[in-house]
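Chemist: Quick one, entry_38.txt (compact mmCIF, C-alpha atoms):
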# COMPACT_ATOMS: atom_id res chain seq x y z
CA MET A 1 -16.93 -55.11 141.48
CA GLN A 2 -17.04 -52.50 144.19
CA THR A 3 -17.24 -53.54 147.83
CA ASN A 4 -20.10 -52.42 150.07
CA PRO A 5 -17.95 -49.73 151.80
CA ASP A 6 -17.00 -48.32 148.36
CA LYS A 7 -20.66 -48.18 147.34
CA HIS A 8 -21.54 -46.54 150.64
CA GLN A 9 -18.89 -43.84 150.15
CA ALA A 10 -19.94 -43.20 146.52
CA THR A 11 -23.56 -42.85 147.63
CA ARG A 12 -22.61 -40.47 150.42
CA ARG A 13 -20.50 -38.25 148.14
CA VAL A 14 -23.08 -37.75 145.42
CA THR A 15 -25.92 -37.36 147.93
CA PHE A 16 -24.06 -34.75 149.98
CA LEU A 17 -23.43 -32.88 146.72
CA SER A 18 -27.18 -33.04 146.05
CA LEU A 19 -27.88 -31.75 149.57
CA GLY A 20 -25.61 -28.78 149.03
CA VAL A 21 -27.08 -27.92 145.63
CA ASN A 22 -30.69 -28.23 146.83
CA THR A 23 -30.00 -26.14 149.93
CA LEU A 24 -28.36 -23.36 147.92
CA LEU A 25 -31.07 -23.36 145.25
CA GLY A 26 -33.85 -23.39 147.84
CA ILE A 27 -32.46 -20.40 149.75
CA VAL A 28 -31.80 -18.32 146.62
CA LYS A 29 -35.20 -19.11 145.06
CA ILE A 30 -37.11 -18.15 148.20
CA ILE A 31 -35.18 -14.91 148.70
CA VAL A 32 -35.44 -13.82 145.07
CA GLY A 33 -39.07 -14.95 144.85
CA TRP A 34 -39.95 -12.94 147.95
CA ILE A 35 -38.14 -9.84 146.64
CA VAL A 36 -39.80 -9.91 143.18
CA GLY A 37 -43.18 -11.09 144.54
CA SER A 38 -43.26 -14.43 142.66
CA ALA A 39 -45.33 -17.06 144.50
CA ALA A 40 -44.27 -19.67 141.95
CA LEU A 41 -40.57 -19.06 142.60
CA VAL A 42 -41.08 -19.18 146.39
CA ALA A 43 -43.03 -22.42 145.99
CA ASP A 44 -40.27 -23.89 143.82
CA GLY A 45 -37.76 -22.91 146.51
CA LEU A 46 -39.78 -24.87 149.06
CA HIS A 47 -39.87 -27.73 146.55
CA SER A 48 -36.06 -27.65 146.49
CA PHE A 49 -36.06 -27.94 150.27
CA SER A 50 -38.41 -30.92 149.98
CA ASP A 51 -35.68 -32.60 147.92
CA LEU A 52 -33.55 -32.55 151.06
CA VAL A 53 -35.99 -35.06 152.50
CA THR A 54 -35.34 -37.66 149.82
CA ASP A 55 -31.60 -36.96 149.96
CA GLY A 56 -31.77 -37.55 153.70
CA PHE A 57 -33.56 -40.83 153.13
CA VAL A 58 -30.84 -41.98 150.76
CA LEU A 59 -28.20 -41.20 153.39
CA ALA A 60 -30.21 -42.89 156.13
CA ALA A 61 -30.81 -46.00 154.01
CA SER A 62 -27.14 -46.20 153.14
CA HIS A 63 -26.19 -45.77 156.80
CA TYR A 64 -28.64 -48.31 158.22
CA GLY A 65 -27.96 -50.73 155.38
CA HIS A 66 -24.42 -51.14 156.69
CA GLN A 67 -25.47 -51.78 160.28
CA GLY A 68 -26.04 -55.43 160.97
CA PRO A 69 -28.72 -56.79 163.30
CA ASP A 70 -28.02 -56.46 167.01
CA HIS A 71 -29.32 -58.11 170.18
CA ASP A 72 -32.41 -55.92 170.18
CA HIS A 73 -33.12 -55.71 166.41
CA HIS A 74 -32.72 -59.16 164.92
CA TYR A 75 -33.95 -58.02 161.50
CA GLY A 76 -31.95 -54.78 161.37
CA HIS A 77 -33.12 -51.16 161.69
CA GLY A 78 -35.01 -50.65 158.45
CA ARG A 79 -38.37 -50.02 160.10
CA ILE A 80 -36.96 -46.91 161.81
CA GLU A 81 -36.40 -45.38 158.38
CA THR A 82 -39.93 -46.41 157.36
CA LEU A 83 -41.44 -44.62 160.35
CA ALA A 84 -39.39 -41.50 159.60
CA THR A 85 -40.63 -41.63 156.01
CA LEU A 86 -44.23 -41.68 157.19
CA PHE A 87 -43.66 -38.63 159.37
CA LEU A 88 -41.82 -36.60 156.74
CA GLY A 89 -44.29 -37.55 154.03
CA SER A 90 -47.06 -36.15 156.23
CA VAL A 91 -45.08 -32.93 156.69
CA LEU A 92 -44.64 -32.57 152.94
CA ILE A 93 -48.36 -32.97 152.31
CA PHE A 94 -49.08 -30.30 154.93
CA VAL A 95 -46.58 -27.93 153.27
CA ALA A 96 -48.08 -28.65 149.84
CA GLY A 97 -51.56 -27.84 151.14
CA ALA A 98 -50.32 -24.54 152.61
CA ILE A 99 -48.68 -23.55 149.30
CA ALA A 100 -51.78 -24.39 147.25
CA TRP A 101 -54.18 -22.66 149.68
CA SER A 102 -52.21 -19.42 149.91
CA SER A 103 -51.80 -19.33 146.12
CA LEU A 104 -55.53 -19.86 145.51
CA GLU A 105 -56.34 -17.08 147.98
CA ARG A 106 -53.97 -14.81 146.12
CA LEU A 107 -55.57 -15.73 142.79
CA LEU A 108 -59.13 -15.18 144.03
CA SER A 109 -58.28 -11.87 145.71
CA ALA A 110 -56.91 -10.55 142.39
CA ALA A 111 -53.85 -9.16 144.15
CA GLU A 112 -51.52 -7.20 141.91
CA ILE A 113 -48.41 -9.19 141.02
CA PRO A 114 -45.48 -7.15 139.66
CA PRO A 115 -43.29 -8.54 136.83
CA PRO A 116 -40.53 -10.72 138.35
CA GLY A 117 -37.71 -9.24 136.29
CA TYR A 118 -35.10 -10.90 134.14
CA TRP A 119 -32.85 -11.79 137.08
CA ALA A 120 -35.55 -14.12 138.47
CA ILE A 121 -35.95 -15.70 135.02
CA LEU A 122 -32.18 -16.19 134.71
CA LEU A 123 -32.04 -17.72 138.21
CA THR A 124 -34.77 -20.20 137.26
CA ALA A 125 -32.93 -21.12 134.06
CA PHE A 126 -29.74 -21.70 136.08
CA ALA A 127 -31.64 -23.89 138.57
CA LEU A 128 -33.14 -25.92 135.72
CA LEU A 129 -29.73 -26.59 134.15
CA THR A 130 -28.19 -27.39 137.56
CA LYS A 131 -30.86 -29.98 138.39
CA GLU A 132 -30.50 -31.56 134.94
CA TRP A 133 -26.73 -31.85 135.52
CA LEU A 134 -27.38 -33.37 138.96
CA PHE A 135 -29.75 -35.90 137.40
CA HIS A 136 -27.13 -37.14 134.92
CA LEU A 137 -24.38 -37.24 137.56
CA THR A 138 -26.48 -39.17 140.09
CA ARG A 139 -27.74 -41.63 137.50
CA ARG A 140 -24.20 -42.28 136.26
CA VAL A 141 -22.98 -43.04 139.80
CA ALA A 142 -26.06 -45.20 140.48
CA ARG A 143 -25.43 -47.34 137.41
CA ARG A 144 -21.72 -47.63 138.19
CA ILE A 145 -22.32 -48.98 141.71
CA GLY A 146 -25.55 -50.84 140.87
CA SER A 147 -27.80 -48.89 143.27
CA LYS A 148 -31.50 -48.85 142.41
CA MET A 149 -32.13 -46.54 145.35
CA LEU A 150 -29.71 -43.93 144.04
CA GLU A 151 -31.10 -44.25 140.52
CA ALA A 152 -34.59 -43.54 141.88
CA ASN A 153 -33.23 -40.41 143.54
CA ALA A 154 -31.73 -39.38 140.19
CA TRP A 155 -35.16 -39.57 138.56
CA HIS A 156 -36.49 -37.44 141.40
CA HIS A 157 -33.99 -34.78 140.29
CA ARG A 158 -35.44 -35.08 136.78
CA SER A 159 -38.96 -34.45 138.18
CA ASP A 160 -37.57 -31.26 139.73
CA VAL A 161 -36.44 -30.17 136.28
CA LEU A 162 -40.04 -30.43 135.10
CA SER A 163 -41.41 -28.41 138.04
CA THR A 164 -38.77 -25.73 137.52
CA GLY A 165 -39.79 -25.64 133.87
CA VAL A 166 -43.37 -24.87 134.98
CA VAL A 167 -42.05 -21.99 137.09
CA MET A 168 -39.99 -20.76 134.14
CA VAL A 169 -43.11 -20.52 132.00
CA ALA A 170 -44.92 -18.72 134.83
CA LEU A 171 -42.15 -16.13 135.27
CA VAL A 172 -41.97 -15.42 131.55
CA GLY A 173 -45.77 -15.05 131.46
CA SER A 174 -45.74 -12.66 134.43
CA GLN A 175 -42.96 -10.61 132.86
CA PHE A 176 -45.16 -9.99 129.84
CA GLY A 177 -48.37 -9.23 131.70
CA ALA A 178 -50.01 -12.63 132.32
CA ALA A 179 -49.55 -12.42 136.12
CA TRP A 180 -52.18 -15.05 136.87
CA ILE A 181 -49.85 -17.69 135.39
CA ASP A 182 -47.47 -17.17 138.33
CA THR A 183 -50.15 -17.96 140.90
CA LEU A 184 -51.41 -20.94 138.91
CA ALA A 185 -47.85 -22.28 138.63
CA ALA A 186 -47.44 -21.98 142.40
CA VAL A 187 -50.50 -24.21 142.80
CA VAL A 188 -48.99 -26.75 140.35
CA VAL A 189 -45.68 -26.78 142.25
CA GLY A 190 -47.60 -27.26 145.49
CA LEU A 191 -49.31 -30.26 143.97
CA LEU A 192 -45.91 -31.66 142.92
CA VAL A 193 -44.64 -31.29 146.50
CA GLY A 194 -47.81 -33.03 147.70
CA LYS A 195 -47.20 -35.89 145.28
CA VAL A 196 -43.71 -36.41 146.73
CA GLY A 197 -45.25 -36.57 150.20
CA TRP A 198 -48.01 -38.94 149.08
CA ASP A 199 -45.52 -41.25 147.36
CA LEU A 200 -43.45 -41.41 150.55
CA LEU A 201 -46.56 -42.16 152.63
CA TRP A 202 -47.81 -44.78 150.19
CA GLU A 203 -44.53 -46.68 149.85
CA SER A 204 -43.71 -46.62 153.57
CA GLY A 205 -47.29 -47.63 154.42
CA ARG A 206 -47.03 -50.61 152.07
CA GLU A 207 -43.81 -51.65 153.80
CA LEU A 208 -45.38 -51.43 157.26
CA VAL A 209 -48.21 -53.78 156.25
CA ASP A 210 -45.72 -56.18 154.63
CA THR A 211 -46.99 -55.78 151.06
CA ALA A 212 -45.58 -58.48 148.78
CA LEU A 213 -43.43 -57.84 145.72
CA PRO A 214 -45.20 -57.71 142.34
CA VAL A 215 -46.55 -61.04 141.08
CA ALA A 216 -44.16 -61.00 138.11
CA THR A 217 -41.18 -60.69 140.48
CA GLN A 218 -42.45 -63.54 142.64
CA GLU A 219 -42.87 -65.75 139.56
CA GLY A 220 -39.33 -64.88 138.52
CA MET A 221 -38.06 -65.96 141.94
CA ARG A 222 -40.01 -69.20 141.62
CA GLU A 223 -38.42 -69.91 138.23
CA VAL A 224 -34.92 -69.28 139.61
CA ALA A 225 -35.56 -71.69 142.51
CA MET A 226 -37.02 -74.36 140.20
CA SER A 227 -33.89 -74.24 138.02
CA VAL A 228 -31.81 -75.85 140.79
CA PRO A 229 -31.21 -79.61 140.23
CA GLY A 230 -33.06 -81.66 142.81
CA VAL A 231 -35.87 -79.17 143.36
CA GLU A 232 -39.20 -80.84 142.64
CA GLY A 233 -41.48 -77.96 143.63
CA ILE A 234 -41.77 -74.56 145.28
CA HIS A 235 -44.69 -73.40 147.40
CA ASP A 236 -45.57 -70.96 150.19
CA LEU A 237 -43.31 -68.33 148.62
CA ARG A 238 -43.74 -65.10 150.60
CA THR A 239 -42.04 -61.73 150.17
CA ARG A 240 -41.96 -58.39 151.96
CA GLN A 241 -39.82 -55.27 151.91
CA SER A 242 -38.19 -52.95 154.42
CA ALA A 243 -36.15 -49.82 153.65
CA GLY A 244 -35.40 -50.97 150.12
CA HIS A 245 -34.42 -54.48 151.20
CA THR A 246 -36.31 -57.65 150.31
CA MET A 247 -37.09 -60.59 152.58
CA LEU A 248 -38.16 -63.97 151.22
CA ASP A 249 -39.55 -67.19 152.73
CA LEU A 250 -40.21 -70.30 150.65
CA HIS A 251 -40.70 -74.06 150.89
CA VAL A 252 -38.50 -76.24 148.67
CA VAL A 253 -39.80 -79.72 147.76
CA VAL A 254 -37.11 -82.39 147.29
CA SER A 255 -37.11 -86.17 146.91
CA PRO A 256 -38.21 -87.85 150.16
CA ARG A 257 -35.43 -90.47 150.03
CA ILE A 258 -32.36 -88.25 149.90
CA SER A 259 -30.25 -87.46 152.96
CA VAL A 260 -30.93 -84.48 155.20
CA SER A 261 -27.58 -82.95 154.25
CA GLU A 262 -28.29 -83.27 150.51
CA GLY A 263 -31.68 -81.64 150.91
CA HIS A 264 -30.13 -78.84 152.94
CA GLU A 265 -27.45 -78.23 150.30
CA ILE A 266 -30.12 -78.06 147.59
CA GLY A 267 -31.79 -75.36 149.68
CA ASN A 268 -28.47 -73.53 150.02
CA GLU A 269 -28.06 -73.53 146.23
CA VAL A 270 -31.58 -72.14 145.85
CA SER A 271 -30.60 -69.35 148.24
CA ARG A 272 -27.36 -68.63 146.35
CA ARG A 273 -29.03 -68.36 142.96
CA LEU A 274 -31.84 -66.15 144.27
CA ARG A 275 -29.38 -63.79 145.95
CA ARG A 276 -27.38 -63.50 142.73
CA ALA A 277 -30.50 -62.85 140.66
CA TYR A 278 -32.03 -60.41 143.18
CA PRO A 279 -29.28 -58.40 144.92
CA ALA A 280 -31.85 -56.60 147.12
CA LEU A 281 -32.46 -59.87 149.00
CA THR A 282 -31.05 -59.43 152.49
CA ASP A 283 -32.95 -62.12 154.40
CA LEU A 284 -33.90 -65.49 152.90
CA THR A 285 -35.35 -68.45 154.77
CA PHE A 286 -36.04 -71.80 153.10
CA HIS A 287 -37.84 -74.85 154.43
CA ILE A 288 -37.11 -78.28 152.96
CA ASP A 289 -40.20 -80.44 152.32
CA PRO A 290 -40.09 -84.17 151.40
CA GLU A 291 -43.50 -83.84 149.70
CA ASP A 292 -45.62 -81.07 148.25
CA ASP A 293 -48.08 -80.02 150.97
CA ALA A 294 -49.03 -76.69 149.37
CA GLY A 295 -52.37 -75.39 150.62
CA GLU A 296 -52.56 -77.78 153.56
CA GLY A 297 -51.53 -75.21 156.15
CA ASP A 298 -48.76 -75.32 158.73
CA PRO A 299 -48.20 -79.00 159.68
CA SER A 300 -47.07 -78.00 163.17
CA ARG A 301 -50.62 -76.84 163.91
CA PHE A 302 -52.00 -80.35 163.49
CA PRO A 303 -51.44 -83.56 165.48
CA GLY A 304 -48.10 -85.03 164.45
CA LEU A 305 -46.68 -88.50 163.93
CA PRO A 306 -44.61 -90.24 166.65
CA LEU A 307 -40.86 -89.58 166.66
CA ARG A 308 -38.18 -92.28 166.60
CA PRO A 309 -38.17 -93.21 170.31
CA ASP A 310 -41.94 -93.90 170.28
CA VAL A 311 -41.76 -95.66 166.90
CA GLU A 312 -38.96 -97.96 168.05
CA ASP A 313 -40.75 -98.68 171.32
CA ALA A 314 -44.00 -99.60 169.54
CA LEU A 315 -42.22 -101.82 167.01
CA ALA A 316 -40.05 -103.51 169.65
CA ARG A 317 -43.17 -104.56 171.58
CA ARG A 318 -44.47 -106.32 168.44
CA TRP A 319 -41.28 -107.58 166.78
CA ALA A 320 -39.00 -108.52 169.70
CA THR A 321 -40.26 -112.12 169.77
CA LEU A 322 -39.50 -112.68 166.08
CA ASP A 323 -36.19 -114.34 165.21
CA VAL A 324 -35.42 -111.67 162.59
CA TRP A 325 -35.40 -109.00 165.31
CA GLN A 326 -31.81 -109.85 166.26
CA GLU A 327 -30.74 -109.43 162.64
CA ILE A 328 -32.06 -105.87 162.29
CA ARG A 329 -29.10 -103.45 162.31
CA ASP A 330 -30.97 -100.17 161.87
CA LEU A 331 -34.34 -98.65 161.10
CA GLU A 332 -34.88 -95.83 158.61
CA LEU A 333 -38.08 -93.84 159.05
CA HIS A 334 -39.81 -91.90 156.28
CA TYR A 335 -42.72 -89.65 157.20
CA LEU A 336 -44.83 -89.39 154.06
CA GLU A 337 -48.55 -88.84 153.38
CA GLY A 338 -49.41 -88.85 157.07
CA GLU A 339 -47.85 -92.26 157.80
CA VAL A 340 -44.48 -93.77 158.69
CA ILE A 341 -42.64 -96.03 156.27
CA VAL A 342 -40.19 -98.29 158.10
CA VAL A 343 -37.06 -99.44 156.25
CA VAL A 344 -35.48 -102.43 157.98
CA CYS A 345 -31.72 -102.67 157.45
CA LEU A 346 -30.31 -106.22 157.41
CA GLU A 347 -26.80 -107.49 156.83
CA GLU A 348 -26.08 -108.30 153.19
CA LYS A 349 -25.56 -112.00 154.01
CA SER A 350 -28.50 -112.31 156.36
CA PRO A 351 -30.21 -115.69 155.88
CA PHE A 352 -33.68 -114.20 156.07
CA ASP A 353 -35.65 -113.80 152.87
CA SER A 354 -36.62 -110.16 152.31
CA ALA A 355 -40.16 -110.88 151.13
CA GLU A 356 -40.81 -113.17 154.09
CA VAL A 357 -39.36 -110.57 156.51
CA ILE A 358 -41.70 -107.91 155.12
CA ARG A 359 -44.73 -110.17 155.39
CA ARG A 360 -44.05 -111.17 159.00
CA LEU A 361 -43.17 -107.69 160.25
CA GLU A 362 -46.16 -106.01 158.57
CA ALA A 363 -48.50 -108.67 160.01
CA ARG A 364 -47.32 -107.88 163.54
CA ALA A 365 -47.59 -104.06 163.05
CA SER A 366 -50.91 -103.96 161.18
CA ASP A 367 -52.75 -102.63 164.25
CA ILE A 368 -50.71 -99.38 164.39
CA ASP A 369 -52.66 -96.50 162.86
CA TRP A 370 -49.62 -94.47 161.80
CA PHE A 371 -47.79 -97.47 160.29
CA SER A 372 -47.60 -97.58 156.47
CA HIS A 373 -45.49 -100.54 155.36
CA VAL A 374 -42.06 -102.19 155.68
CA GLU A 375 -39.18 -102.14 153.23
CA VAL A 376 -35.92 -104.08 153.49
CA ARG A 377 -32.45 -102.75 152.72
CA ARG A 378 -29.34 -104.91 152.73
CA LEU A 379 -26.20 -103.40 154.26
CA ALA A 380 -23.04 -104.18 152.29
CA HIS A 381 -19.80 -104.46 154.28
CA ALA A 382 -17.23 -101.85 153.34
CA THR A 383 -14.04 -103.39 152.00
CA VAL A 384 -10.67 -101.91 152.89
CA PRO A 385 -8.29 -101.81 149.89
CA SER A 386 -5.07 -103.69 150.49
CA ALA A 387 -1.75 -101.87 150.34
CA SER A 388 0.06 -102.50 147.07
Let me see whether you can do it: turn the structure in this file into C-alpha cells.
Modeler:
Amino acid sequence: MQTNPDKHQATRRVTFLSLGVNTLLGIVKIIVGWIVGSAALVADGLHSFSDLVTDGFVLAASHYGHQGPDHDHHYGHGRIETLATLFLGSVLIFVAGAIAWSSLERLLSAAEIPPPGYWAILLTAFALLTKEWLFHLTRRVARRIGSKMLEANAWHHRSDVLSTGVVMVALVGSQFGAAWIDTLAAVVVGLLVGKVGWDLLWESGRELVDTALPVATQEGMREVAMSVPGVEGIHDLRTRQSAGHTMLDLHVVVSPRISVSEGHEIGNEVSRRLRRAYPALTDLTFHIDPEDDAGEGDPSRFPGLPLRPDVEDALARRWATLDVWQEIRDLELHYLEGEVIVVVCLEEKSPFDSAEVIRRLEARASDIDWFSHVEVRRLAHATVPSAS
C-alpha cells in the first residue's frame, strides 16, 4: 500500500500534467477559433480553461489534506478550500452566462459565419483524443492510489470529451453551410461551463451548512459499529463533510456493569473498523453510554445526579451508626435510569448476611430521592502462589 506522501506525489504529477494539457488546449482553441470565426471553438477553449479550476482544487485538496491542524485551526484548513470553491464556482457561472448571451446575440443578429476550415476541425479532433487519453490516465492513477477525488476529476475529463464532441459536430456543420449550428453549439458549451460552476457552488454550499452523508452511507456506518462485540446500540450518529473529508460523531451503548477502560476500548474498536471501512473519515468522536438514551436530548442540559463525594457524604450520615459500616471496604456507583445504584463491597469472610445488610441499608436510605437500591459484592482475597 502506498504511503500518504506517495499518494500526494502521484496526485500532483497527474494533475500538473492535466494543467499543462488544458492550458495548451485552451490557448490554441481560442486563437484558432478567433481566427476562423468559430464561437463554438472559442467557447470550448474557455471550457478548457475552466478545467484548470477543478485541477487547482485537486492540488489544493491534496496540499491541505497533508497539513495537520494547528493552534488556530483545530479541525484543519478544509473550509478555506470550500470558500475558494464558492468563489470560483460563481466566476464560472458568470463566464457561462457571458458565453451564452454573446452567442444568442450572434444567432439573433444573423451575422455571417464563415466556414471554420479543416484545420479547426482537425484541432478539435486532436483535443477530443487528448482529453480521452487524459481521462484514462487519470482514472488509472486514481484507482492505483485509491483516490476518489482524483477519480472524480477523471470523469470531469470525460465530460470535456462530450463537450468537444458537440463542438466537432458544430464545426463540421459550419464547414458544409449550416453555420447556425456553430452558434448553437457555443450556447451548449456555455451551459456545460455553467453546470461545472453550479456543481461547485452546490457541493461547497452543502459542506458549509454541514449536510450529512446519504442515509444509505449512515446506515452502513451504523452496521459496521454494531458488528463490534460489546456494542449494544448506536444512536445520535451525525456526519458532515469538509474538502472531501468526512467527520463522524456517534454514541455507543455498552453494558452498564463493565469497566470504564473496557467500554473505552470497545469505542476504540468501533473507531478502527469505521476508519478501515470508510477511508475518507478523518475525524471521529465517540461517546460511551451505559444505557440507550436516544431521543432524550443532551443529558448535560438537565439537572444531574450527585457525584461520589456527595453520595458518600449522604450515605455516611445515614449508615455511620450501623455496625456494618465498619465492614464496608468500597462503594461502587452505577448511574442508571435517573437513579444511583449503590454496590456495597464487603470482605469475603464478613460475618454479615448479605440479605440483612441490604435490608438495613436500604431502610436507612429510603428518604433519598436519587437512591435506587443496594447490592452487595464480596471481595475475595488475592492469593500469592508459592515458589516451587
Chemist: Figure out the distance between CA of Ile368 in chain A and CA of Pro351 in chain A, please, to one decimal in Å.
Modeler: 27.5 Å
Chemist: Would you kindly return, as a list in words, each protein, DNA or RNA residue with an atom no farther than 12 Å from any atom of range 352-359 of chain A, considering only C-alpha atoms and excluding same-chain residues fewer than 3 positions away?
Modeler: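 Once the adjacent positions are removed, what remains is Trp319, Leu322, Asp323, Val324, Trp325, Gln326, Glu327, Ile328, Ile341, Val342, Val343, Val344, Cys345, Leu346, Glu347, Glu348, Lys349, Glu362, Ala363, Arg364, Ala365, Ser366, Ser372, His373, Val374, Glu375, Val376, Arg377 and Arg378 of chain A.
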Chemist: Quick one, how far is CA of Val172 in chain A from CA of Thr138 in chain A?
Modeler: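 Those two atoms sit 29.6 Å apart.
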Chemist: Which of these, A:Arg317, A:His264, A:Arg222, A:Arg308, has the shortest distance to Leu248 in chain A once you count all atoms listed in the file?
Modeler: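 Ranked by minimum distance to Leu248 in chain A, first place goes to A:Arg222.
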Chemist: Could you please determine the separation between CA of Arg144 in chain A and CA of Arg275 in chain A in Å, to one decimal place?
Modeler: 19.5 Å
Chemist: Between A:Val188, A:Leu201, A:Leu104, A:Leu41, which has the minimum distance to Leu122 in chain A (counting all atoms listed in the file)?
Modeler: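 Nearest to Leu122 in chain A: A:Leu41.
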Chemist: Let me make sure I understand: among A:Leu129, A:Leu19, A:Ile93, A:Ile234, which one has the smallest atom-to-atom distance to Leu192 in chain A if we use all atoms listed in the file?
Modeler: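 Of the candidates, the smallest distance to Leu192 in chain A is held by A:Ile93.
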Chemist: Go ahead and fit an axis-aligned box to every listed atom of range 251-263 of chain A plus 6 Å each side, and pass me the centre and edge lengths in Å, one decimal, as AutoDock Vina command-line options.
Modeler:
--center_x -34.1 --center_y -82.3 --center_z 151.1 --size_x 25.1 --size_y 28.4 --size_z 20.3
Chemist: Go through A:Glu332, A:Gly45, A:Val187, A:Thr15 and flag the residue nearest Leu137 in chain A, using only C-alpha atoms for the distances.
Modeler: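 Going through A:Glu332, A:Gly45, A:Val187, A:Thr15 one by one, the smallest distance to Leu137 in chain A is for A:Thr15.
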